[in-house]
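Undergrad: Please find one structure pasted underneath; my questions will follow.
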Amino acid sequence: MMKRQLAWHSSRFNGILLAAVFTLGLPLTGMAAQEQDMTQIHITMGGTPGAEFSAQWRITHNDETIDHPETRGTVPAEFTFEGTTLEGTVKLLSEDDRLEVDIVKGSNRSRSATQGKGGTLTVMVR
């Protein structure tokens, strides 16, 4: 009987210890995730499957600006960048197709669409 009681106390102690670790860890994780959401920029390229496009993304993060050229992409496509500001120019390269650009950053969302070869979208998200 003594062994059972020791095992019960040991598992109860571990449970309390784990609960304390998880509870203490949550605010830190929550803040980091919120902060990341505010700097994570997710782009979804939709529209006509197989539509071809070119894109020039300019990402600014911590006062540093980096260009990310996409010379020939195909729908569907997704891009994720880390940054505070996104500027982009997207051009539809294929005939008779539709291109949709959906950009999400934190709670901000930008949606744009164009149709026909040469259709160009200029997007900006802060």
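Order determines the names: the first chain of the structure tokens is A, the second B, and so forth; residues in each chain are numbered 1 upward, and ligands are numbered 1 upward as they are shown.
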Can you write out as CSV which residues of segment 83-121 of chain A fall within 10 Å of segment 59-78 of chain A, alongside each residue's closest atom pair and its distance in Å to one decimal, counting only C-alpha atoms and ordering rows by chain and ascending residue number?
TA:
```
residue,atom,partner,partner_atom,distance
A:Gly83,CA,A:His61,CA,4.3
A:Thr84,CA,A:His61,CA,5.2
A:Thr85,CA,A:Thr60,CA,5.1
A:Leu86,CA,A:Ile59,CA,4.8
A:Glu87,CA,A:Ile59,CA,6.6
A:Gly88,CA,A:Ile59,CA,8.6
A:Thr89,CA,A:Pro69,CA,9.7
A:Val90,CA,A:Glu70,CA,9.2
A:Lys91,CA,A:Arg72,CA,9.8
A:Leu92,CA,A:Gly73,CA,9.7
A:Leu93,CA,A:Arg72,CA,8.4
A:Ser94,CA,A:Thr74,CA,9.8
A:Arg98,CA,A:Val75,CA,9.6
A:Leu99,CA,A:Val75,CA,7.8
A:Glu100,CA,A:Val75,CA,9.1
A:Val101,CA,A:Glu78,CA,9.7
A:Asp102,CA,A:Glu78,CA,9.5
A:Ile103,CA,A:Glu78,CA,9.8
```
Undergrad: Work out how far apart atom CA of Arg111 of chain A and atom CA of Ile43 of chain A are and give it in Å to one decimal.
TA: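 Separation of atom CA of Arg111 of chain A and atom CA of Ile43 of chain A: 9.8 Å.
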